[in-house]
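A quick write-up on the structure given underneath.
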Amino acid sequence: GRELSQADLIRNFILMGLEPQLQTKLYEQYWRPMEVDFGQEAYATHFDGFMRHYLTLKTGEIPNVREVYEAFKQYARSPQVTGVEALVADIRQFAGYYCAMALSAEKDADLQTAFHDLRELKVDVAYPFLLELYHDWVTGVLGKDEFLPVVRLVESYVFRRAVCAIPTNSMNKTFAQFGRTLKKDRYVESILATFLLMPSYRRFPDDEEFKRDVQVKDLYNFRSRSYWLRRLENHNRKERVPVDEYTIEHILPQNEKLSAHWKMELGTDWERIWKTYLHTLGNLTLTAYNSEYSDRAFTEKRDMPDKPEQGLKVSPLKLNQGLGQLEHWNEETIKARAG
């Protein structure tokens with residue numbers, strides 16, 4: 001038959017050697033509902049990841065991806081574990097938290113949105129820490145008014161570091177050990193303090209560093225492009241704009257054979273400006289008229305004289321506000337828009 005997955009091995013290890021009655025009880029009461037929560041496909045693809053986060057949370061050590069089963073056996077035999085039923089019940093409970101966050105099973109609308117943003121950012125490394133937070137929320141140690149801002153803080157930390165190009169290789173350790181510094185009577189304060197006291201390579205980029213770097217970062221080829229576009233466009237918006245239905249428009253065109261008009265618009269230094277700012281925040285926007293705009297001059301994209309209803313200046317998107325007032329598109333305007 002097929003090779004057993006780590007999930008199968010773990011299940012067999014837990015249930016092995018138990019009396020048939022207890023085996024059936026534990027499977028039906030805890031394991032089966034957990035498989036159902038994940039759903040067949042996600043159980044196959046996500047369970048090992050979940051178990052890795054669970055073990056990281058419980059032991060403070062991050063198991064190798066291929067050695068989750070070995071790490072689990074070690075944990076199951078440790079004095080921390082008081083009995084097989086308690087262990088299975090605990091796994092079941094934390095699997096529920098994981099499904100809420102990673103597989104969009106969350107019922108609370110605000111948290112659901114926050115978890116969606118985290119998933120788009122691909123913040124898997126934070127799950128051990130988030131599992132602990134979720135548990136504390138469920139058990140009443142943490143209020144929702146504290147839980148939500150902390151989830152947003154984690155999001156901000158990961159996004160800012162990506163924009164400021166701080167290597168991510170230390171991040172899983174950062175989150176694996178986060179729980180140790182928590183003072184749960186002053187939950188949010190202690191998380192903030194931990195973030196602020198991190199050494200340079202683990203630092204939380206401050207507003208100044210972030211602002212400086214976000215203006216020159218290649219955000220077009222950024223791995224979570226739809227994430228930042230959606231967050232920007234929908235900031236403080238009750239009626240959400242489905243960003244995926246639009247395409248990204250480079251106001252200064254991508255075509256390296258720039259027209260004479262564009263070269264004139266940018267000035268003698270056009271080549272440096274094109275190279276530096278093409279894919280940056282200031283030069284990018286959203287539109288439904290990408291093919292119509294093509295490589296046209298800025299004023300044409302702004303007004304679309306032949307089809308005024310398509311001009312950037314009448315766009316209902318927030319990202320295009322203010323473009324109608326501009327006469328030129330050059331280094332100065334791109335920088336100003338990003339700032």
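Naming scheme: A, B, ... for chains in displayed order of the structure tokens; residues 1 onward per chain; ligands 1 onward as shown.
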
Assign secondary structure with DSSP using the backbone only, and return the residues of region 35-263 of chain A in strand (DSSP E) as a PyMOL selection string. chain A and resi 247-250

If you run DSSP on this backbone, which residues of region 187-278 of chain A come out as helix (DSSP H, G or I), and could you give them as number ranges by chain? A: 187-196, 200-202, 207-214, 225-233, 243-245, 260-266, 270-277

CA of Thr139 (chain A) to CA of Met51 (chain A), straight-line distance in Å: 21.0 Å

Residues at most 12 Å from region 16-18 of chain A, counting only C-alpha atoms, excluding those fewer than 5 positions away in the same chain, as a list of chain:residue names?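 Once the adjacent positions are removed, what remains is A:Asp8, A:Leu9, A:Ile10, A:Arg11, A:Gln23, A:Thr24, A:Lys25, A:Leu26, A:Tyr27, A:Gly83, A:Val84, A:Glu85.
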
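Minimum atom-to-atom distance to Ile334 (chain A), evaluated using only C-alpha atoms, belongs to A:Trp274 out of A:Trp228, A:Met264, A:Trp274, A:Asp303.
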
I want to know what sits within 12 Å of Asp306 (chain A), based on only C-alpha atoms, with residues of the same chain fewer than 5 positions away left out; could you give that as a PDB file with N, CA and C atoms, in the first residue's frame?
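And here is the file that came out, out21.pdb:
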ATOM      1  N   GLU A 292      -5.869  49.294 -21.957  1.00  0.00           N
ATOM      2  CA  GLU A 292      -6.199  50.588 -22.592  1.00  0.00           C
ATOM      3  C   GLU A 292      -5.106  51.625 -22.286  1.00  0.00           C
ATOM      4  N   TYR A 293      -4.540  51.545 -21.082  1.00  0.00           N
ATOM      5  CA  TYR A 293      -3.523  52.548 -20.704  1.00  0.00           C
ATOM      6  C   TYR A 293      -2.205  52.288 -21.425  1.00  0.00           C
ATOM      7  N   GLU A 300      -2.493  61.382 -20.547  1.00  0.00           N
ATOM      8  CA  GLU A 300      -3.490  60.582 -21.270  1.00  0.00           C
ATOM      9  C   GLU A 300      -4.108  59.531 -20.340  1.00  0.00           C
ATOM     10  N   LYS A 301      -3.280  58.872 -19.557  1.00  0.00           N
ATOM     11  CA  LYS A 301      -3.821  57.885 -18.610  1.00  0.00           C
ATOM     12  C   LYS A 301      -4.748  58.596 -17.611  1.00  0.00           C
ATOM     13  N   GLY A 311     -10.475  57.324 -17.350  1.00  0.00           N
ATOM     14  CA  GLY A 311      -9.293  58.045 -16.855  1.00  0.00           C
ATOM     15  C   GLY A 311      -9.012  57.770 -15.378  1.00  0.00           C
TER      16      GLY A 311
END

Find the distance between CA of Gln215 (chain A) and CA of Ala338 (chain A) and write it in Å to one decimal. 5.4 Å

Tell me which protein, DNA and RNA residues are within 9 Å of region 278-282 of chain A, counting only C-alpha atoms, leaving out same-chain ones fewer than 2 positions away, and put them as a PDB file with all heavy atoms, in the first residue's frame.
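Result went into out-v5.pdb, see below:
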ATOM      1  N   VAL A 214       9.996  51.452   2.293  1.00  0.00           N
ATOM      2  CA  VAL A 214       8.815  51.100   1.493  1.00  0.00           C
ATOM      3  C   VAL A 214       8.726  51.972   0.241  1.00  0.00           C
ATOM      4  O   VAL A 214       8.115  51.603  -0.749  1.00  0.00           O
ATOM      5  CB  VAL A 214       7.512  51.200   2.334  1.00  0.00           C
ATOM      6  CG1 VAL A 214       7.021  52.631   2.447  1.00  0.00           C
ATOM      7  CG2 VAL A 214       6.422  50.294   1.755  1.00  0.00           C
ATOM      8  N   GLN A 215       9.397  53.134   0.271  1.00  0.00           N
ATOM      9  CA  GLN A 215       9.342  54.022  -0.895  1.00  0.00           C
ATOM     10  C   GLN A 215      10.215  53.527  -2.040  1.00  0.00           C
ATOM     11  O   GLN A 215       9.980  53.862  -3.199  1.00  0.00           O
ATOM     12  CB  GLN A 215       9.761  55.431  -0.493  1.00  0.00           C
ATOM     13  CG  GLN A 215       8.773  56.057   0.465  1.00  0.00           C
ATOM     14  CD  GLN A 215       9.159  57.469   0.876  1.00  0.00           C
ATOM     15  OE1 GLN A 215       9.890  58.154   0.172  1.00  0.00           O
ATOM     16  NE2 GLN A 215       8.649  57.907   2.007  1.00  0.00           N
ATOM     17  N   VAL A 216      11.243  52.727  -1.723  1.00  0.00           N
ATOM     18  CA  VAL A 216      12.171  52.307  -2.785  1.00  0.00           C
ATOM     19  C   VAL A 216      12.151  50.797  -3.024  1.00  0.00           C
ATOM     20  O   VAL A 216      12.823  50.292  -3.908  1.00  0.00           O
ATOM     21  CB  VAL A 216      13.619  52.753  -2.468  1.00  0.00           C
ATOM     22  CG1 VAL A 216      13.735  54.265  -2.553  1.00  0.00           C
ATOM     23  CG2 VAL A 216      14.046  52.269  -1.087  1.00  0.00           C
ATOM     24  N   LYS A 217      11.352  50.070  -2.247  1.00  0.00           N
ATOM     25  CA  LYS A 217      11.290  48.611  -2.370  1.00  0.00           C
ATOM     26  C   LYS A 217      10.581  48.201  -3.664  1.00  0.00           C
ATOM     27  O   LYS A 217       9.612  48.839  -4.068  1.00  0.00           O
ATOM     28  CB  LYS A 217      10.506  48.056  -1.164  1.00  0.00           C
ATOM     29  CG  LYS A 217      10.219  46.571  -1.206  1.00  0.00           C
ATOM     30  CD  LYS A 217      11.333  45.803  -0.564  1.00  0.00           C
ATOM     31  CE  LYS A 217      11.030  44.322  -0.515  1.00  0.00           C
ATOM     32  NZ  LYS A 217      12.213  43.549  -0.179  1.00  0.00           N
ATOM     33  N   ASP A 218      11.065  47.129  -4.295  1.00  0.00           N
ATOM     34  CA  ASP A 218      10.344  46.569  -5.445  1.00  0.00           C
ATOM     35  C   ASP A 218       9.118  45.840  -4.897  1.00  0.00           C
ATOM     36  O   ASP A 218       9.196  44.696  -4.492  1.00  0.00           O
ATOM     37  CB  ASP A 218      11.258  45.586  -6.201  1.00  0.00           C
ATOM     38  CG  ASP A 218      10.541  44.903  -7.374  1.00  0.00           C
ATOM     39  OD1 ASP A 218       9.290  44.942  -7.404  1.00  0.00           O
ATOM     40  OD2 ASP A 218      11.217  44.322  -8.224  1.00  0.00           O
ATOM     41  N   LEU A 219       7.983  46.518  -4.899  1.00  0.00           N
ATOM     42  CA  LEU A 219       6.763  45.920  -4.354  1.00  0.00           C
ATOM     43  C   LEU A 219       5.968  45.188  -5.432  1.00  0.00           C
ATOM     44  O   LEU A 219       5.032  44.460  -5.137  1.00  0.00           O
ATOM     45  CB  LEU A 219       5.881  46.985  -3.695  1.00  0.00           C
ATOM     46  CG  LEU A 219       6.375  47.481  -2.327  1.00  0.00           C
ATOM     47  CD1 LEU A 219       5.471  48.589  -1.813  1.00  0.00           C
ATOM     48  CD2 LEU A 219       6.443  46.362  -1.293  1.00  0.00           C
ATOM     49  N   TYR A 220       6.392  45.382  -6.681  1.00  0.00           N
ATOM     50  CA  TYR A 220       5.683  44.688  -7.764  1.00  0.00           C
ATOM     51  C   TYR A 220       6.032  43.201  -7.749  1.00  0.00           C
ATOM     52  O   TYR A 220       5.185  42.344  -7.937  1.00  0.00           O
ATOM     53  CB  TYR A 220       6.061  45.321  -9.108  1.00  0.00           C
ATOM     54  CG  TYR A 220       5.364  44.684 -10.276  1.00  0.00           C
ATOM     55  CD1 TYR A 220       3.992  44.835 -10.442  1.00  0.00           C
ATOM     56  CD2 TYR A 220       6.073  43.931 -11.215  1.00  0.00           C
ATOM     57  CE1 TYR A 220       3.332  44.259 -11.519  1.00  0.00           C
ATOM     58  CE2 TYR A 220       5.415  43.352 -12.290  1.00  0.00           C
ATOM     59  CZ  TYR A 220       4.053  43.511 -12.431  1.00  0.00           C
ATOM     60  OH  TYR A 220       3.397  42.939 -13.497  1.00  0.00           O
ATOM     61  N   ASN A 221       7.291  42.895  -7.507  1.00  0.00           N
ATOM     62  CA  ASN A 221       7.725  41.495  -7.456  1.00  0.00           C
ATOM     63  C   ASN A 221       7.756  40.947  -6.036  1.00  0.00           C
ATOM     64  O   ASN A 221       8.378  39.927  -5.766  1.00  0.00           O
ATOM     65  CB  ASN A 221       9.102  41.359  -8.111  1.00  0.00           C
ATOM     66  CG  ASN A 221       9.033  41.705  -9.582  1.00  0.00           C
ATOM     67  OD1 ASN A 221       8.255  41.117 -10.323  1.00  0.00           O
ATOM     68  ND2 ASN A 221       9.805  42.690 -10.016  1.00  0.00           N
ATOM     69  N   HIS A 250       1.475  50.092 -13.906  1.00  0.00           N
ATOM     70  CA  HIS A 250       2.676  50.918 -13.721  1.00  0.00           C
ATOM     71  C   HIS A 250       2.372  52.256 -14.389  1.00  0.00           C
ATOM     72  O   HIS A 250       2.171  52.284 -15.611  1.00  0.00           O
ATOM     73  CB  HIS A 250       3.887  50.294 -14.405  1.00  0.00           C
ATOM     74  CG  HIS A 250       4.400  49.058 -13.731  1.00  0.00           C
ATOM     75  ND1 HIS A 250       3.769  47.834 -13.800  1.00  0.00           N
ATOM     76  CD2 HIS A 250       5.514  48.874 -12.955  1.00  0.00           C
ATOM     77  CE1 HIS A 250       4.478  46.941 -13.116  1.00  0.00           C
ATOM     78  NE2 HIS A 250       5.526  47.534 -12.592  1.00  0.00           N
ATOM     79  N   ILE A 251       2.326  53.321 -13.630  1.00  0.00           N
ATOM     80  CA  ILE A 251       2.010  54.625 -14.242  1.00  0.00           C
ATOM     81  C   ILE A 251       3.128  54.997 -15.226  1.00  0.00           C
ATOM     82  O   ILE A 251       2.894  55.277 -16.392  1.00  0.00           O
ATOM     83  CB  ILE A 251       1.788  55.698 -13.148  1.00  0.00           C
ATOM     84  CG1 ILE A 251       0.597  55.276 -12.267  1.00  0.00           C
ATOM     85  CG2 ILE A 251       1.527  57.063 -13.799  1.00  0.00           C
ATOM     86  CD1 ILE A 251       0.329  56.174 -11.091  1.00  0.00           C
ATOM     87  N   LEU A 252       4.368  54.974 -14.738  1.00  0.00           N
ATOM     88  CA  LEU A 252       5.522  55.047 -15.629  1.00  0.00           C
ATOM     89  C   LEU A 252       5.669  53.635 -16.195  1.00  0.00           C
ATOM     90  O   LEU A 252       5.822  52.691 -15.438  1.00  0.00           O
ATOM     91  CB  LEU A 252       6.763  55.445 -14.808  1.00  0.00           C
ATOM     92  CG  LEU A 252       8.144  55.249 -15.427  1.00  0.00           C
ATOM     93  CD1 LEU A 252       8.284  56.084 -16.670  1.00  0.00           C
ATOM     94  CD2 LEU A 252       9.235  55.590 -14.421  1.00  0.00           C
ATOM     95  N   PRO A 253       5.579  53.460 -17.520  1.00  0.00           N
ATOM     96  CA  PRO A 253       5.420  52.103 -18.074  1.00  0.00           C
ATOM     97  C   PRO A 253       6.630  51.193 -17.873  1.00  0.00           C
ATOM     98  O   PRO A 253       7.753  51.664 -17.692  1.00  0.00           O
ATOM     99  CB  PRO A 253       5.213  52.360 -19.575  1.00  0.00           C
ATOM    100  CG  PRO A 253       4.961  53.809 -19.718  1.00  0.00           C
ATOM    101  CD  PRO A 253       5.580  54.490 -18.546  1.00  0.00           C
ATOM    102  N   GLN A 254       6.355  49.879 -17.946  1.00  0.00           N
ATOM    103  CA  GLN A 254       7.425  48.885 -17.803  1.00  0.00           C
ATOM    104  C   GLN A 254       8.299  48.776 -19.053  1.00  0.00           C
ATOM    105  O   GLN A 254       9.426  48.321 -18.971  1.00  0.00           O
ATOM    106  CB  GLN A 254       6.811  47.496 -17.553  1.00  0.00           C
ATOM    107  CG  GLN A 254       6.208  47.334 -16.191  1.00  0.00           C
ATOM    108  CD  GLN A 254       5.922  45.863 -15.912  1.00  0.00           C
ATOM    109  OE1 GLN A 254       6.812  45.114 -15.581  1.00  0.00           O
ATOM    110  NE2 GLN A 254       4.657  45.471 -16.043  1.00  0.00           N
ATOM    111  N   ILE A 273      15.913  57.120 -13.094  1.00  0.00           N
ATOM    112  CA  ILE A 273      14.589  57.214 -12.468  1.00  0.00           C
ATOM    113  C   ILE A 273      13.765  55.970 -12.815  1.00  0.00           C
ATOM    114  O   ILE A 273      13.130  55.364 -11.943  1.00  0.00           O
ATOM    115  CB  ILE A 273      13.860  58.507 -12.929  1.00  0.00           C
ATOM    116  CG1 ILE A 273      14.643  59.734 -12.452  1.00  0.00           C
ATOM    117  CG2 ILE A 273      12.426  58.538 -12.403  1.00  0.00           C
ATOM    118  CD1 ILE A 273      14.169  61.045 -13.041  1.00  0.00           C
ATOM    119  N   TRP A 274      13.809  55.575 -14.088  1.00  0.00           N
ATOM    120  CA  TRP A 274      13.052  54.386 -14.524  1.00  0.00           C
ATOM    121  C   TRP A 274      13.517  53.148 -13.755  1.00  0.00           C
ATOM    122  O   TRP A 274      12.719  52.397 -13.207  1.00  0.00           O
ATOM    123  CB  TRP A 274      13.230  54.198 -16.034  1.00  0.00           C
ATOM    124  CG  TRP A 274      12.399  53.084 -16.595  1.00  0.00           C
ATOM    125  CD1 TRP A 274      11.085  53.153 -16.958  1.00  0.00           C
ATOM    126  CD2 TRP A 274      12.816  51.743 -16.873  1.00  0.00           C
ATOM    127  NE1 TRP A 274      10.652  51.929 -17.442  1.00  0.00           N
ATOM    128  CE2 TRP A 274      11.690  51.042 -17.398  1.00  0.00           C
ATOM    129  CE3 TRP A 274      14.021  51.052 -16.733  1.00  0.00           C
ATOM    130  CZ2 TRP A 274      11.754  49.697 -17.783  1.00  0.00           C
ATOM    131  CZ3 TRP A 274      14.081  49.714 -17.109  1.00  0.00           C
ATOM    132  CH2 TRP A 274      12.949  49.044 -17.630  1.00  0.00           C
ATOM    133  N   LYS A 275      14.844  52.959 -13.676  1.00  0.00           N
ATOM    134  CA  LYS A 275      15.403  51.787 -12.982  1.00  0.00           C
ATOM    135  C   LYS A 275      15.073  51.796 -11.502  1.00  0.00           C
ATOM    136  O   LYS A 275      14.784  50.770 -10.900  1.00  0.00           O
ATOM    137  CB  LYS A 275      16.920  51.751 -13.164  1.00  0.00           C
ATOM    138  CG  LYS A 275      17.341  51.140 -14.495  1.00  0.00           C
ATOM    139  CD  LYS A 275      18.829  50.825 -14.497  1.00  0.00           C
ATOM    140  CE  LYS A 275      19.238  50.129 -15.775  1.00  0.00           C
ATOM    141  NZ  LYS A 275      20.354  50.812 -16.435  1.00  0.00           N
ATOM    142  N   THR A 276      15.133  52.976 -10.900  1.00  0.00           N
ATOM    143  CA  THR A 276      14.966  53.068  -9.440  1.00  0.00           C
ATOM    144  C   THR A 276      13.514  52.936  -9.016  1.00  0.00           C
ATOM    145  O   THR A 276      13.211  52.286  -8.023  1.00  0.00           O
ATOM    146  CB  THR A 276      15.502  54.436  -8.939  1.00  0.00           C
ATOM    147  OG1 THR A 276      16.808  54.628  -9.487  1.00  0.00           O
ATOM    148  CG2 THR A 276      15.577  54.482  -7.420  1.00  0.00           C
ATOM    149  N   LEU A 284       3.003  52.460  -8.627  1.00  0.00           N
ATOM    150  CA  LEU A 284       2.045  51.373  -8.867  1.00  0.00           C
ATOM    151  C   LEU A 284       0.631  51.769  -8.448  1.00  0.00           C
ATOM    152  O   LEU A 284       0.442  52.481  -7.465  1.00  0.00           O
ATOM    153  CB  LEU A 284       2.460  50.125  -8.072  1.00  0.00           C
ATOM    154  CG  LEU A 284       3.830  49.524  -8.416  1.00  0.00           C
ATOM    155  CD1 LEU A 284       4.170  48.401  -7.443  1.00  0.00           C
ATOM    156  CD2 LEU A 284       3.865  49.007  -9.845  1.00  0.00           C
ATOM    157  N   THR A 285      -0.337  51.284  -9.193  1.00  0.00           N
ATOM    158  CA  THR A 285      -1.711  51.483  -8.775  1.00  0.00           C
ATOM    159  C   THR A 285      -2.567  50.338  -9.333  1.00  0.00           C
ATOM    160  O   THR A 285      -2.050  49.425  -9.957  1.00  0.00           O
ATOM    161  CB  THR A 285      -2.242  52.863  -9.208  1.00  0.00           C
ATOM    162  OG1 THR A 285      -3.466  53.095  -8.511  1.00  0.00           O
ATOM    163  CG2 THR A 285      -2.464  52.952 -10.716  1.00  0.00           C
ATOM    164  N   THR A 333       7.050  63.435  -8.130  1.00  0.00           N
ATOM    165  CA  THR A 333       5.673  63.015  -7.859  1.00  0.00           C
ATOM    166  C   THR A 333       5.625  61.561  -7.375  1.00  0.00           C
ATOM    167  O   THR A 333       4.804  61.205  -6.523  1.00  0.00           O
ATOM    168  CB  THR A 333       4.767  63.199  -9.097  1.00  0.00           C
ATOM    169  OG1 THR A 333       5.432  62.700 -10.238  1.00  0.00           O
ATOM    170  CG2 THR A 333       4.375  64.631  -9.310  1.00  0.00           C
ATOM    171  N   ILE A 334       6.493  60.704  -7.926  1.00  0.00           N
ATOM    172  CA  ILE A 334       6.502  59.292  -7.501  1.00  0.00           C
ATOM    173  C   ILE A 334       6.892  59.204  -6.026  1.00  0.00           C
ATOM    174  O   ILE A 334       6.262  58.511  -5.234  1.00  0.00           O
ATOM    175  CB  ILE A 334       7.497  58.464  -8.376  1.00  0.00           C
ATOM    176  CG1 ILE A 334       7.006  58.411  -9.816  1.00  0.00           C
ATOM    177  CG2 ILE A 334       7.620  57.042  -7.816  1.00  0.00           C
ATOM    178  CD1 ILE A 334       7.981  57.735 -10.784  1.00  0.00           C
ATOM    179  N   LYS A 335       7.935  59.971  -5.654  1.00  0.00           N
ATOM    180  CA  LYS A 335       8.381  59.949  -4.250  1.00  0.00           C
ATOM    181  C   LYS A 335       7.295  60.515  -3.316  1.00  0.00           C
ATOM    182  O   LYS A 335       7.029  59.975  -2.253  1.00  0.00           O
ATOM    183  CB  LYS A 335       9.693  60.740  -4.095  1.00  0.00           C
ATOM    184  CG  LYS A 335      10.914  59.928  -4.492  1.00  0.00           C
ATOM    185  CD  LYS A 335      12.121  60.785  -4.703  1.00  0.00           C
ATOM    186  CE  LYS A 335      12.738  61.230  -3.378  1.00  0.00           C
ATOM    187  NZ  LYS A 335      14.077  61.849  -3.625  1.00  0.00           N
ATOM    188  N   ALA A 336       6.694  61.592  -3.766  1.00  0.00           N
ATOM    189  CA  ALA A 336       5.665  62.234  -2.936  1.00  0.00           C
ATOM    190  C   ALA A 336       4.491  61.280  -2.726  1.00  0.00           C
ATOM    191  O   ALA A 336       3.936  61.170  -1.624  1.00  0.00           O
ATOM    192  CB  ALA A 336       5.204  63.519  -3.578  1.00  0.00           C
ATOM    193  N   ARG A 337       4.096  60.568  -3.768  1.00  0.00           N
ATOM    194  CA  ARG A 337       2.950  59.658  -3.648  1.00  0.00           C
ATOM    195  C   ARG A 337       3.273  58.504  -2.720  1.00  0.00           C
ATOM    196  O   ARG A 337       2.408  58.032  -1.973  1.00  0.00           O
ATOM    197  CB  ARG A 337       2.565  59.137  -5.043  1.00  0.00           C
ATOM    198  CG  ARG A 337       1.345  58.234  -5.018  1.00  0.00           C
ATOM    199  CD  ARG A 337       0.801  58.024  -6.411  1.00  0.00           C
ATOM    200  NE  ARG A 337      -0.327  57.082  -6.392  1.00  0.00           N
ATOM    201  CZ  ARG A 337      -0.237  55.804  -6.648  1.00  0.00           C
ATOM    202  NH1 ARG A 337       0.948  55.282  -6.949  1.00  0.00           N
ATOM    203  NH2 ARG A 337      -1.293  55.021  -6.607  1.00  0.00           N
ATOM    204  N   ALA A 338       4.512  58.032  -2.741  1.00  0.00           N
ATOM    205  CA  ALA A 338       4.880  56.909  -1.866  1.00  0.00           C
ATOM    206  C   ALA A 338       4.944  57.356  -0.413  1.00  0.00           C
ATOM    207  O   ALA A 338       4.665  56.584   0.502  1.00  0.00           O
ATOM    208  CB  ALA A 338       6.222  56.349  -2.294  1.00  0.00           C
ATOM    209  N   GLY A 339       5.302  58.626  -0.205  1.00  0.00           N
ATOM    210  CA  GLY A 339       5.447  59.098   1.169  1.00  0.00           C
ATOM    211  C   GLY A 339       4.118  59.353   1.814  1.00  0.00           C
ATOM    212  O   GLY A 339       3.991  59.488   3.010  1.00  0.00           O
TER     213      GLY A 339
END

Go through A:Glu331, A:Glu61, A:Glu146, A:Asp90 and flag the residue nearest Met34 (chain A), using only C-alpha atoms for the distances. A:Asp90

re CA of Val65 (chain A) and CA of Arg52 (chain A): distance 7.3 Å

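Nearest residue to Arg225 (chain A), choosing from A:Arg212, A:Tyr277, A:Phe159, A:Lys238 and counting only C-alpha atoms: A:Phe159.
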
Contact residues around Ala42 (chain A) with only C-alpha atoms at 12 Å, ignoring same-chain residues under 2 positions, as a PyMOL selection string: chain A and resi 7+34-40+44-50+95+98-99+102-104

Close residues, Cys164 (chain A) itself excluded, 8 Å, only C-alpha atoms, min 6 positions apart in chain, as a ChimeraX atom specification: /A:205,209-210,213-214

Those same residues - N, CA and C atoms - I'd like them written as a PDB file, in the first residue's frame.
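Written output follows (selection35.pdb):
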ATOM      1  N   PRO A 205      11.133  46.858  12.709  1.00  0.00           N
ATOM      2  CA  PRO A 205      11.492  48.138  12.082  1.00  0.00           C
ATOM      3  C   PRO A 205      10.541  49.260  12.524  1.00  0.00           C
ATOM      4  N   GLU A 209      12.269  53.753   9.602  1.00  0.00           N
ATOM      5  CA  GLU A 209      12.960  52.782   8.750  1.00  0.00           C
ATOM      6  C   GLU A 209      11.991  52.216   7.703  1.00  0.00           C
ATOM      7  N   PHE A 210      10.789  51.903   8.157  1.00  0.00           N
ATOM      8  CA  PHE A 210       9.794  51.314   7.261  1.00  0.00           C
ATOM      9  C   PHE A 210       9.418  52.307   6.155  1.00  0.00           C
ATOM     10  N   ASP A 213      12.202  52.616   3.573  1.00  0.00           N
ATOM     11  CA  ASP A 213      12.401  51.448   2.708  1.00  0.00           C
ATOM     12  C   ASP A 213      11.208  51.149   1.805  1.00  0.00           C
ATOM     13  N   VAL A 214       9.996  51.452   2.293  1.00  0.00           N
ATOM     14  CA  VAL A 214       8.815  51.100   1.493  1.00  0.00           C
ATOM     15  C   VAL A 214       8.726  51.972   0.241  1.00  0.00           C
TER      16      VAL A 214
END
